[in-house]
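Participant: Dropping a structure here in structure tokens format, bear with me for questions.
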Amino acid sequence: MKRRIGILGATGSIGTQALDVVERHRDKFEVVFLTAHRNYEKLFSLARKFGVKRLGFSDPSLEIPSSGDFEIFRGVEGLVELVSNSGVDRILVATTGTVGIFPTIAAIRRGIDVALANKETLVSFGKVVMEELSNSKSMLIPVDSEHSAIFQLVEGRRDEVKRIILTASGGPFRTWTLQEMARARPEDALKHPTWNMGKKITIDSATMMNKALEIIEAYWLFGTKSIDVVIHPKSIVHSFVQLKDGVLLAHIGFPDMRIPIAYGLSYPERLEDVGKETHPYDLTALEFEKPDFERFPALRLAYEVLEKMGWYPAAMNAANEESVYMFLEGKIGFLDIVRIVEEVIRKMDEESPRDETLRDLLEVDRRARELARRIATL
Ligand code: NDP
Ligand code: MG
């Protein structure tokens, strides 16, 4: 029987690669719905190709000239309705930003499995997602390449794990000085050496905030604070797991997001013919370096946030998202991104204590964005 799936953020980098996987394995999957934010032309064309009738647009005010014979769902409520009532077995959450939380919760409440690419959701609302999961039969399968790697490495041996070691490419500014980074323009930051991704995550890779978010993501997924980061420019080792006796397990393969996406869609089954196979002869001169917290303060901040948890990750994530967009709009410099995130956290630290319900965390998210915009104009 085919697995019935829905893809949120189908027009993006992850979404289109997921549809590539589906195209190669049409006998395994039936695509029941697709969503985008605004790009209806691309979504309509994907929907026609895959015979999908139900479509969602997260922008509630989007005007579509003619929707043909598609059934259209609008706004976040529309996405939640799509997830809840479409009879899917699994969703892939591949939207950017924190909007993914509402369809994710809706899926978990219906016992629908979630393949999660959208790390922001877990960083900001990890506690809520984990609580919902503990009352549900849904599975959460990580799609982020490092977390998919760790998920595969720890399966069946969670009690033996001593440490998780996330690999990071180091991004386009791995060898840049702080002075050079201070002058970096969006077009410099958008040139990622190994991965071809959406703009937001590409900027996050340049500041290494992407790895900062992944540290928190790993905490929620694997329940440990024993998390290291190593710089590995070639992105061939997708992460390591160190066991109690010191043994180091590595997950190896060419950088190709279709592999973790396919696993997220097919788990517990493994699909054939997903991406290019890696052979030991391909593993020449693999290098691993210590991360530099001076040039990449996002990493230092992540460890502070990991220590404190509570509302801190939600503030870090929301302030970062806002700052990344301000950088892309040319309103702030590259080094201002993490500087603003740190300042937002300091300011919020001085305010009244906060709880960790969904409502409180959404308020943290709103407040952090407001503060980030305000600090940028000072
Ligand atoms: P893209 O920017 O390529 O795509 C984003 C998708 O989300 C598009 O379908 C877009 O629709 C939609 N979208 C944009 N804004 C909103 C919004 N406000 N509300 C709802 N949907 C929106 O992103 P990526 O595919 O690169 O990344 C998606 C997620 O996956 C991110 O959370 C990222 O961190 C994570 N990820 C990505 C990796 C990658 O290789 N790309 C690797 C690991 C994780 P529209 O086209 O209409 O704008
Ligand atoms: Mg990653």
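Residues in the structure tokens are named by chain (A, B, ... in the order shown) and by number from 1 within that chain; ligands are numbered from 1 in the order shown.
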Please identify all protein, DNA and RNA residues within 6 Å of ligand 1, counting only C-alpha atoms and all ligand atoms, and report them as a ChimeraX atom specification.
Facilitator: /A:9-15,36-39,58,94-97,99,117-120,144,197-199,201,257
Participant: Take the residues just selected and output them with N, CA, C and O atoms as a short mmCIF file (atom, residue, chain, number, x, y, z; two decimals), in the first residue's frame.
Facilitator:
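What ended up in result.cif:
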```
data_model
loop_
_atom_site.label_atom_id
_atom_site.label_comp_id
_atom_site.auth_asym_id
_atom_site.auth_seq_id
_atom_site.Cartn_x
_atom_site.Cartn_y
_atom_site.Cartn_z
N GLY A 9 5.52 23.45 2.49
CA GLY A 9 6.73 24.12 1.96
C GLY A 9 7.24 23.39 0.74
O GLY A 9 8.45 23.24 0.55
N ALA A 10 6.30 22.94 -0.12
CA ALA A 10 6.66 22.09 -1.27
C ALA A 10 7.46 22.83 -2.33
O ALA A 10 8.17 22.21 -3.13
N THR A 11 7.37 24.17 -2.37
CA THR A 11 8.05 24.94 -3.42
C THR A 11 9.50 25.26 -3.07
O THR A 11 10.22 25.82 -3.89
N GLY A 12 9.93 24.94 -1.86
CA GLY A 12 11.28 25.30 -1.42
C GLY A 12 12.32 24.26 -1.81
O GLY A 12 12.04 23.30 -2.53
N SER A 13 13.54 24.48 -1.29
CA SER A 13 14.65 23.58 -1.62
C SER A 13 14.37 22.16 -1.12
O SER A 13 14.49 21.18 -1.87
N ILE A 14 13.96 22.02 0.13
CA ILE A 14 13.66 20.69 0.66
C ILE A 14 12.41 20.11 -0.01
O ILE A 14 12.38 18.93 -0.40
N GLY A 15 11.39 20.95 -0.16
CA GLY A 15 10.12 20.47 -0.73
C GLY A 15 10.31 19.90 -2.13
O GLY A 15 9.82 18.80 -2.44
N ALA A 36 2.50 26.03 0.00
CA ALA A 36 3.56 27.03 -0.21
C ALA A 36 3.15 28.26 0.61
O ALA A 36 2.09 28.25 1.27
N HIS A 37 3.96 29.29 0.56
CA HIS A 37 3.56 30.53 1.23
C HIS A 37 2.78 31.39 0.23
O HIS A 37 1.62 31.71 0.46
N ARG A 38 3.40 31.70 -0.93
CA ARG A 38 2.75 32.56 -1.92
C ARG A 38 2.91 32.07 -3.36
O ARG A 38 2.17 32.48 -4.24
N ASN A 39 3.92 31.23 -3.58
CA ASN A 39 4.30 30.91 -4.96
C ASN A 39 3.30 29.93 -5.61
O ASN A 39 3.56 28.75 -5.76
N SER A 58 0.09 29.54 3.06
CA SER A 58 0.11 30.08 4.43
C SER A 58 -0.19 31.56 4.47
O SER A 58 -0.66 32.06 5.48
N ALA A 94 8.53 21.32 5.71
CA ALA A 94 9.69 21.92 5.03
C ALA A 94 9.47 23.41 4.78
O ALA A 94 10.01 23.97 3.84
N THR A 95 8.66 24.02 5.64
CA THR A 95 8.49 25.47 5.58
C THR A 95 9.68 26.11 6.29
O THR A 95 10.40 25.43 7.03
N THR A 96 9.88 27.41 6.09
CA THR A 96 10.90 28.10 6.89
C THR A 96 10.21 28.73 8.10
O THR A 96 9.01 28.99 8.07
N GLY A 97 10.97 28.98 9.15
CA GLY A 97 10.45 29.74 10.29
C GLY A 97 9.54 28.94 11.21
O GLY A 97 9.37 27.73 11.04
N VAL A 99 6.31 29.06 11.77
CA VAL A 99 4.90 28.82 11.43
C VAL A 99 4.60 27.31 11.39
O VAL A 99 3.47 26.88 11.59
N ALA A 117 11.91 18.75 8.68
CA ALA A 117 13.10 19.45 8.17
C ALA A 117 13.23 20.79 8.88
O ALA A 117 14.32 21.28 9.11
N ASN A 118 12.09 21.35 9.21
CA ASN A 118 12.01 22.70 9.77
C ASN A 118 12.50 22.75 11.22
O ASN A 118 11.75 22.56 12.17
N LYS A 119 13.80 23.03 11.38
CA LYS A 119 14.39 22.97 12.73
C LYS A 119 13.88 24.05 13.66
O LYS A 119 13.81 23.87 14.87
N GLU A 120 13.48 25.22 13.09
CA GLU A 120 13.06 26.34 13.93
C GLU A 120 11.90 25.94 14.86
O GLU A 120 11.84 26.38 16.01
N ASP A 144 16.86 17.03 8.93
CA ASP A 144 18.11 17.78 8.92
C ASP A 144 19.23 16.74 8.82
O ASP A 144 19.21 15.72 9.54
N MET A 197 20.77 25.59 -0.68
CA MET A 197 19.60 25.61 0.22
C MET A 197 18.85 26.93 0.09
O MET A 197 19.31 27.85 -0.59
N GLY A 198 17.73 27.08 0.79
CA GLY A 198 16.98 28.33 0.82
C GLY A 198 17.83 29.44 1.45
O GLY A 198 18.84 29.17 2.10
N LYS A 199 17.40 30.71 1.21
CA LYS A 199 18.22 31.85 1.66
C LYS A 199 18.41 31.93 3.16
O LYS A 199 19.49 32.21 3.65
N ILE A 201 18.39 29.67 5.63
CA ILE A 201 19.34 28.70 6.20
C ILE A 201 20.75 28.93 5.65
O ILE A 201 21.74 28.67 6.35
N MET A 257 20.77 16.26 0.07
CA MET A 257 19.64 16.25 1.01
C MET A 257 18.56 15.22 0.67
O MET A 257 17.75 14.87 1.50
#
```
Participant: Identify, counting only C-alpha atoms and all ligand atoms, the protein, DNA and RNA residues located within 12 Å of ligand 2, and give them as a PyMOL selection string.
Facilitator: chain A and resi 14+116-120+142-150+166-171+194-197+201-202+204-205+208-218+229+235+237-239+255-257+260-261
Participant: Could you go through stretch 93-158 of chain A and tell me which residues DSSP, when run on the backbone, assigns to strand (DSSP E), listing them as a tab-separated table (two decimals) with C-alpha atoms, in the first residue's frame?
Facilitator:
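Result went into result-v2.tsv, see below:
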```tsv
chain	number	residue	atom	x	y	z
A	93	VAL	CA	7.40	19.96	7.37
A	113	ASP	CA	3.92	10.90	11.64
A	114	VAL	CA	6.07	13.98	11.13
A	115	ALA	CA	9.25	14.11	9.02
A	116	LEU	CA	10.72	17.35	10.26
A	140	LEU	CA	9.03	12.36	14.70
A	141	ILE	CA	11.70	11.62	12.10
A	142	PRO	CA	14.41	14.26	11.69
```
Participant: With only C-alpha atoms as the counted atoms, please give the residues lying no more than 7 Å from stretch 332-343 of chain A, apart from itself and same-chain residues fewer than 3 positions off, as number ranges by chain.
Facilitator: A: 181-182, 184, 298, 316, 319-320, 323-324, 326-327, 346-347, 372, 375-376
Participant: Can you spit out the residues from that selection as a PDB file, in the first residue's frame, using N, CA and C atoms?
Facilitator:
```pdb
ATOM      1  N   MET A 181      34.491  39.782   7.523  1.00  0.00           N
ATOM      2  CA  MET A 181      33.068  39.458   7.725  1.00  0.00           C
ATOM      3  C   MET A 181      32.236  40.716   7.971  1.00  0.00           C
ATOM      4  N   ALA A 182      32.851  41.717   8.614  1.00  0.00           N
ATOM      5  CA  ALA A 182      32.125  42.960   8.905  1.00  0.00           C
ATOM      6  C   ALA A 182      31.650  43.623   7.605  1.00  0.00           C
ATOM      7  N   ALA A 184      30.916  41.835   4.805  1.00  0.00           N
ATOM      8  CA  ALA A 184      30.264  40.831   3.935  1.00  0.00           C
ATOM      9  C   ALA A 184      28.881  41.294   3.490  1.00  0.00           C
ATOM     10  N   ALA A 298      27.852  32.865  17.505  1.00  0.00           N
ATOM     11  CA  ALA A 298      26.566  32.148  17.592  1.00  0.00           C
ATOM     12  C   ALA A 298      26.752  30.817  18.327  1.00  0.00           C
ATOM     13  N   MET A 316      16.274  33.186  20.969  1.00  0.00           N
ATOM     14  CA  MET A 316      17.427  33.145  20.055  1.00  0.00           C
ATOM     15  C   MET A 316      16.944  32.946  18.614  1.00  0.00           C
ATOM     16  N   ALA A 319      14.797  36.109  17.256  1.00  0.00           N
ATOM     17  CA  ALA A 319      15.641  37.285  17.033  1.00  0.00           C
ATOM     18  C   ALA A 319      16.545  37.044  15.824  1.00  0.00           C
ATOM     19  N   ASN A 320      17.010  35.806  15.683  1.00  0.00           N
ATOM     20  CA  ASN A 320      17.862  35.482  14.540  1.00  0.00           C
ATOM     21  C   ASN A 320      17.088  35.588  13.231  1.00  0.00           C
ATOM     22  N   SER A 323      16.648  39.107  12.301  1.00  0.00           N
ATOM     23  CA  SER A 323      17.919  39.739  11.934  1.00  0.00           C
ATOM     24  C   SER A 323      18.385  39.272  10.554  1.00  0.00           C
ATOM     25  N   VAL A 324      18.190  37.997  10.251  1.00  0.00           N
ATOM     26  CA  VAL A 324      18.572  37.485   8.931  1.00  0.00           C
ATOM     27  C   VAL A 324      17.800  38.236   7.844  1.00  0.00           C
ATOM     28  N   MET A 326      16.539  41.208   8.075  1.00  0.00           N
ATOM     29  CA  MET A 326      17.030  42.600   8.023  1.00  0.00           C
ATOM     30  C   MET A 326      18.360  42.665   7.263  1.00  0.00           C
ATOM     31  N   PHE A 327      19.206  41.661   7.446  1.00  0.00           N
ATOM     32  CA  PHE A 327      20.481  41.618   6.709  1.00  0.00           C
ATOM     33  C   PHE A 327      20.212  41.467   5.205  1.00  0.00           C
ATOM     34  N   ARG A 346      19.821  39.371  26.203  1.00  0.00           N
ATOM     35  CA  ARG A 346      20.182  40.132  27.425  1.00  0.00           C
ATOM     36  C   ARG A 346      18.997  40.972  27.901  1.00  0.00           C
ATOM     37  N   LYS A 347      18.353  41.648  26.969  1.00  0.00           N
ATOM     38  CA  LYS A 347      17.224  42.518  27.342  1.00  0.00           C
ATOM     39  C   LYS A 347      16.072  41.702  27.919  1.00  0.00           C
ATOM     40  N   ALA A 372      14.349  42.837  18.284  1.00  0.00           N
ATOM     41  CA  ALA A 372      15.397  42.786  17.251  1.00  0.00           C
ATOM     42  C   ALA A 372      15.228  43.947  16.284  1.00  0.00           C
ATOM     43  N   ILE A 375      16.221  47.225  18.150  1.00  0.00           N
ATOM     44  CA  ILE A 375      17.676  47.366  18.367  1.00  0.00           C
ATOM     45  C   ILE A 375      18.346  47.754  17.034  1.00  0.00           C
ATOM     46  N   ALA A 376      17.850  47.189  15.941  1.00  0.00           N
ATOM     47  CA  ALA A 376      18.467  47.463  14.628  1.00  0.00           C
ATOM     48  C   ALA A 376      18.343  48.927  14.240  1.00  0.00           C
TER      49      ALA A 376
END
```
Participant: Check stretch 167-298 of chain A with DSSP on the backbone and list each residue it calls alpha helix (DSSP H), as a count of residues only.
Facilitator: 43
Participant: What does the distance from atom CA of A:Ile252 to atom CA of A:Tyr267 come to in Å, to one decimal?
Facilitator: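 Between atom CA of A:Ile252 and atom CA of A:Tyr267 the gap works out to 18.3 Å.
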Participant: Got a sec: who's within 6 Å of A:Ala318, counting only C-alpha atoms, leaving out chain neighbours fewer than 2 positions off, as a list in words?
Facilitator: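 The filter keeps Ala315, Met316, Asn320, Glu321, Asp365, Ala368 and Arg369 of chain A.
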Participant: Please save all heavy atoms of the selected residues as a JSON list (two decimals), in the first residue's frame.
Facilitator:
```json
[["chain", "number", "residue", "atom", "x", "y", "z"],
["A", 315, "ALA", "N", 13.73, 32.71, 22.01],
["A", 315, "ALA", "CA", 14.18, 34.09, 21.82],
["A", 315, "ALA", "C", 15.34, 34.12, 20.82],
["A", 315, "ALA", "O", 15.38, 34.96, 19.91],
["A", 315, "ALA", "CB", 14.61, 34.69, 23.16],
["A", 316, "MET", "N", 16.27, 33.19, 20.97],
["A", 316, "MET", "CA", 17.43, 33.15, 20.06],
["A", 316, "MET", "C", 16.94, 32.95, 18.61],
["A", 316, "MET", "O", 17.37, 33.66, 17.70],
["A", 316, "MET", "CB", 18.38, 32.00, 20.45],
["A", 316, "MET", "CG", 19.54, 31.82, 19.50],
["A", 316, "MET", "SD", 20.79, 30.62, 20.07],
["A", 316, "MET", "CE", 20.02, 29.08, 19.59],
["A", 320, "ASN", "N", 17.01, 35.81, 15.68],
["A", 320, "ASN", "CA", 17.86, 35.48, 14.54],
["A", 320, "ASN", "C", 17.09, 35.59, 13.23],
["A", 320, "ASN", "O", 17.56, 36.17, 12.26],
["A", 320, "ASN", "CB", 18.44, 34.08, 14.70],
["A", 320, "ASN", "CG", 19.24, 33.67, 13.49],
["A", 320, "ASN", "OD1", 20.23, 34.31, 13.15],
["A", 320, "ASN", "ND2", 18.78, 32.64, 12.79],
["A", 321, "GLU", "N", 15.88, 35.01, 13.21],
["A", 321, "GLU", "CA", 15.09, 35.03, 11.98],
["A", 321, "GLU", "C", 14.88, 36.47, 11.51],
["A", 321, "GLU", "O", 15.09, 36.80, 10.34],
["A", 321, "GLU", "CB", 13.75, 34.35, 12.26],
["A", 321, "GLU", "CG", 13.15, 33.71, 11.04],
["A", 321, "GLU", "CD", 11.92, 32.89, 11.41],
["A", 321, "GLU", "OE1", 12.02, 32.03, 12.32],
["A", 321, "GLU", "OE2", 10.88, 33.12, 10.80],
["A", 365, "ASP", "N", 8.48, 34.62, 21.20],
["A", 365, "ASP", "CA", 8.79, 34.74, 19.78],
["A", 365, "ASP", "C", 8.44, 36.15, 19.30],
["A", 365, "ASP", "O", 9.26, 36.84, 18.66],
["A", 365, "ASP", "CB", 7.98, 33.66, 19.03],
["A", 365, "ASP", "CG", 8.23, 33.64, 17.54],
["A", 365, "ASP", "OD1", 7.62, 34.48, 16.84],
["A", 365, "ASP", "OD2", 9.02, 32.81, 17.05],
["A", 368, "ALA", "N", 10.75, 38.88, 20.98],
["A", 368, "ALA", "CA", 12.13, 38.85, 20.47],
["A", 368, "ALA", "C", 12.22, 39.50, 19.10],
["A", 368, "ALA", "O", 13.18, 40.22, 18.80],
["A", 368, "ALA", "CB", 12.63, 37.41, 20.41],
["A", 369, "ARG", "N", 11.20, 39.28, 18.26],
["A", 369, "ARG", "CA", 11.20, 39.90, 16.92],
["A", 369, "ARG", "C", 11.08, 41.42, 17.04],
["A", 369, "ARG", "O", 11.79, 42.16, 16.36],
["A", 369, "ARG", "CB", 10.03, 39.37, 16.09],
["A", 369, "ARG", "CG", 10.26, 37.96, 15.60],
["A", 369, "ARG", "CD", 9.00, 37.38, 14.96],
["A", 369, "ARG", "NE", 9.10, 35.94, 14.96],
["A", 369, "ARG", "CZ", 9.71, 35.22, 14.01],
["A", 369, "ARG", "NH1", 10.23, 35.82, 12.97],
["A", 369, "ARG", "NH2", 9.80, 33.92, 14.11]]
```
Participant: As a PDB file with N, CA and C atoms, in the first residue's frame, please: the residues near stretch 348-363 of chain A (cut-off 9 Å, only C-alpha atoms, same-chain neighbours under 6 positions excluded).
Facilitator:
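Writing done, so here's around_23.pdb:
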```pdb
ATOM      1  N   SER A 124      12.335  26.356  18.962  1.00  0.00           N
ATOM      2  CA  SER A 124      11.516  27.281  19.754  1.00  0.00           C
ATOM      3  C   SER A 124      10.482  26.574  20.618  1.00  0.00           C
ATOM      4  N   PHE A 125       9.907  25.497  20.105  1.00  0.00           N
ATOM      5  CA  PHE A 125       8.763  24.898  20.804  1.00  0.00           C
ATOM      6  C   PHE A 125       9.032  23.440  21.156  1.00  0.00           C
ATOM      7  N   LYS A 127       9.731  21.842  23.825  1.00  0.00           N
ATOM      8  CA  LYS A 127       9.059  21.273  24.993  1.00  0.00           C
ATOM      9  C   LYS A 127       7.617  20.890  24.647  1.00  0.00           C
ATOM     10  N   VAL A 128       6.944  21.782  23.930  1.00  0.00           N
ATOM     11  CA  VAL A 128       5.545  21.542  23.563  1.00  0.00           C
ATOM     12  C   VAL A 128       5.459  20.341  22.616  1.00  0.00           C
ATOM     13  N   GLY A 310      14.549  26.580  28.737  1.00  0.00           N
ATOM     14  CA  GLY A 310      13.374  27.417  29.003  1.00  0.00           C
ATOM     15  C   GLY A 310      12.986  28.217  27.767  1.00  0.00           C
ATOM     16  N   TRP A 311      12.820  29.525  27.920  1.00  0.00           N
ATOM     17  CA  TRP A 311      12.389  30.382  26.804  1.00  0.00           C
ATOM     18  C   TRP A 311      13.553  30.833  25.927  1.00  0.00           C
ATOM     19  N   TYR A 312      14.786  30.575  26.360  1.00  0.00           N
ATOM     20  CA  TYR A 312      15.947  31.120  25.651  1.00  0.00           C
ATOM     21  C   TYR A 312      16.038  30.688  24.174  1.00  0.00           C
ATOM     22  N   ALA A 314      13.723  29.944  22.085  1.00  0.00           N
ATOM     23  CA  ALA A 314      12.694  30.624  21.282  1.00  0.00           C
ATOM     24  C   ALA A 314      13.115  32.064  21.006  1.00  0.00           C
ATOM     25  N   ALA A 315      13.730  32.713  22.007  1.00  0.00           N
ATOM     26  CA  ALA A 315      14.185  34.094  21.816  1.00  0.00           C
ATOM     27  C   ALA A 315      15.341  34.118  20.815  1.00  0.00           C
ATOM     28  N   LEU A 371      11.910  43.300  19.595  1.00  0.00           N
ATOM     29  CA  LEU A 371      13.155  43.856  20.135  1.00  0.00           C
ATOM     30  C   LEU A 371      14.253  43.896  19.074  1.00  0.00           C
TER      31      LEU A 371
END
```
Participant: So, counting only C-alpha atoms, which residue among A:Arg3, A:Thr278, A:Phe293, A:Tyr40 is closest to A:Ile112?
Facilitator: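 The closest residue to A:Ile112 is A:Arg3.
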